[in-house]
Amino acid sequence: MNVPADEGQFISLLLKVMNAKKTIEVGVFTGYSLLSTALALPDDAKIVAIDPNLEAYETGLPYIEKAGVAHKIQFIESDAMTTLKEFLSNGEEGSFDFAFVDADKENYINYHEELLKLVKIGGVIAYDNTLWAGTVALSEDEVDKETLEHIGANRVHLRALNTILAAASHQQMQIFMERARSISAKGERSLKSKSNEREQVDPLANQLDQVG
């Protein structure tokens, strides 16, 4: 579904700080976060937007066109895993500056594995809903039955994602927006090359410190 306005503003700020020009969005719905991204990027930027629901995207498309940013967007009507794997097969590895995921939670880990290959060193992968009303930090015994029934299995999938992100061996930046609808942004701040163990350092953290 659509992200709240403050999350859209946060994404816009992050993209501008990064000087991003090529991004990918997994899960579009009517395109509110997509519009925020398109408005933040330069005129020659490219956004790949993936969603199996073309009808929902077309609901928001008139607003994207009115804003004058439709030319930046390549909408792909497809399930995300198929498209992500096709991009990798077509030599797109390491070609994206930023990725935003707001889609089926049971596939967040699968998307993460593919996006780590597609997003360049120093890029950022942002995930919506990662705190899930704060319940991801609690054991099942600590969450009341009514809440568990309301949030469903998504909490389990998001706990699994958070566990993987926390245990990642390479250095990362992690940003949480303390809301029921939250974002985790994973920026690879350094990653050792397999060939020569050369460490590449991302200046994004310093830029964020200057903005703060």
# chains A, B, ... in the order shown; residues from 1 in each chain; ligands from 1
>>> residues_around(residues="Glu65 in chain A", least_positions_apart="5", cutoff="12 Å", atoms="only C-alpha atoms", output="PDB file with N, CA and C atoms, in the first residue's frame")
ATOM      1  N   GLY A  31       1.496   4.176  -6.603  1.00  0.00           N
ATOM      2  CA  GLY A  31       2.673   4.947  -6.978  1.00  0.00           C
ATOM      3  C   GLY A  31       3.008   6.160  -6.143  1.00  0.00           C
ATOM      4  N   LEU A  35       6.211   8.324  -6.965  1.00  0.00           N
ATOM      5  CA  LEU A  35       6.159   9.746  -7.296  1.00  0.00           C
ATOM      6  C   LEU A  35       7.157  10.531  -6.459  1.00  0.00           C
ATOM      7  N   ALA A  38      10.530   9.903  -8.008  1.00  0.00           N
ATOM      8  CA  ALA A  38      10.684  10.568  -9.302  1.00  0.00           C
ATOM      9  C   ALA A  38      10.892  12.071  -9.148  1.00  0.00           C
ATOM     10  N   LEU A  39      10.197  12.681  -8.202  1.00  0.00           N
ATOM     11  CA  LEU A  39      10.343  14.120  -7.974  1.00  0.00           C
ATOM     12  C   LEU A  39      11.717  14.463  -7.408  1.00  0.00           C
ATOM     13  N   TYR A  57      -1.443   0.773 -10.603  1.00  0.00           N
ATOM     14  CA  TYR A  57      -0.484   1.776 -11.065  1.00  0.00           C
ATOM     15  C   TYR A  57      -1.157   2.813 -11.951  1.00  0.00           C
ATOM     16  N   GLU A  58      -2.040   2.376 -12.819  1.00  0.00           N
ATOM     17  CA  GLU A  58      -2.718   3.305 -13.727  1.00  0.00           C
ATOM     18  C   GLU A  58      -3.654   4.245 -12.983  1.00  0.00           C
ATOM     19  N   THR A  59      -4.081   3.873 -11.777  1.00  0.00           N
ATOM     20  CA  THR A  59      -4.894   4.775 -10.959  1.00  0.00           C
ATOM     21  C   THR A  59      -4.107   6.023 -10.578  1.00  0.00           C
ATOM     22  N   GLY A  60      -2.848   5.836 -10.232  1.00  0.00           N
ATOM     23  CA  GLY A  60      -2.017   6.968  -9.837  1.00  0.00           C
ATOM     24  C   GLY A  60      -1.248   7.608 -10.970  1.00  0.00           C
ATOM     25  N   ALA A  70       6.816  11.287 -15.564  1.00  0.00           N
ATOM     26  CA  ALA A  70       6.517   9.954 -16.102  1.00  0.00           C
ATOM     27  C   ALA A  70       7.649   9.426 -16.984  1.00  0.00           C
ATOM     28  N   HIS A  71       8.391  10.329 -17.628  1.00  0.00           N
ATOM     29  CA  HIS A  71       9.468   9.900 -18.523  1.00  0.00           C
ATOM     30  C   HIS A  71      10.626   9.229 -17.779  1.00  0.00           C
ATOM     31  N   LYS A  72      10.689   9.408 -16.466  1.00  0.00           N
ATOM     32  CA  LYS A  72      11.763   8.789 -15.681  1.00  0.00           C
ATOM     33  C   LYS A  72      11.455   7.338 -15.324  1.00  0.00           C
ATOM     34  N   ILE A  73      10.197   6.932 -15.478  1.00  0.00           N
ATOM     35  CA  ILE A  73       9.729   5.661 -14.929  1.00  0.00           C
ATOM     36  C   ILE A  73       9.559   4.598 -16.009  1.00  0.00           C
TER      37      ILE A  73
END
>>> atom_distance(atom1="CA of Gly27 in chain A", atom2="CA of Ile11 in chain A")
15.1 Å
>>> closest_residue(among="A:Gly68, A:Gly8, A:Pro42, A:Gly94", to="Leu115 in chain A", atoms="only C-alpha atoms")
A:Gly94
>>> closest_residue(among="A:Glu93, A:Glu106, A:Glu25, A:Glu77", to="Ile125 in chain A", atoms="only C-alpha atoms")
A:Glu25
>>> closest_residue(among="A:Thr37, A:Asn19, A:Asn162, A:Asn53", to="Ala80 in chain A", atoms="only C-alpha atoms")
A:Asn53
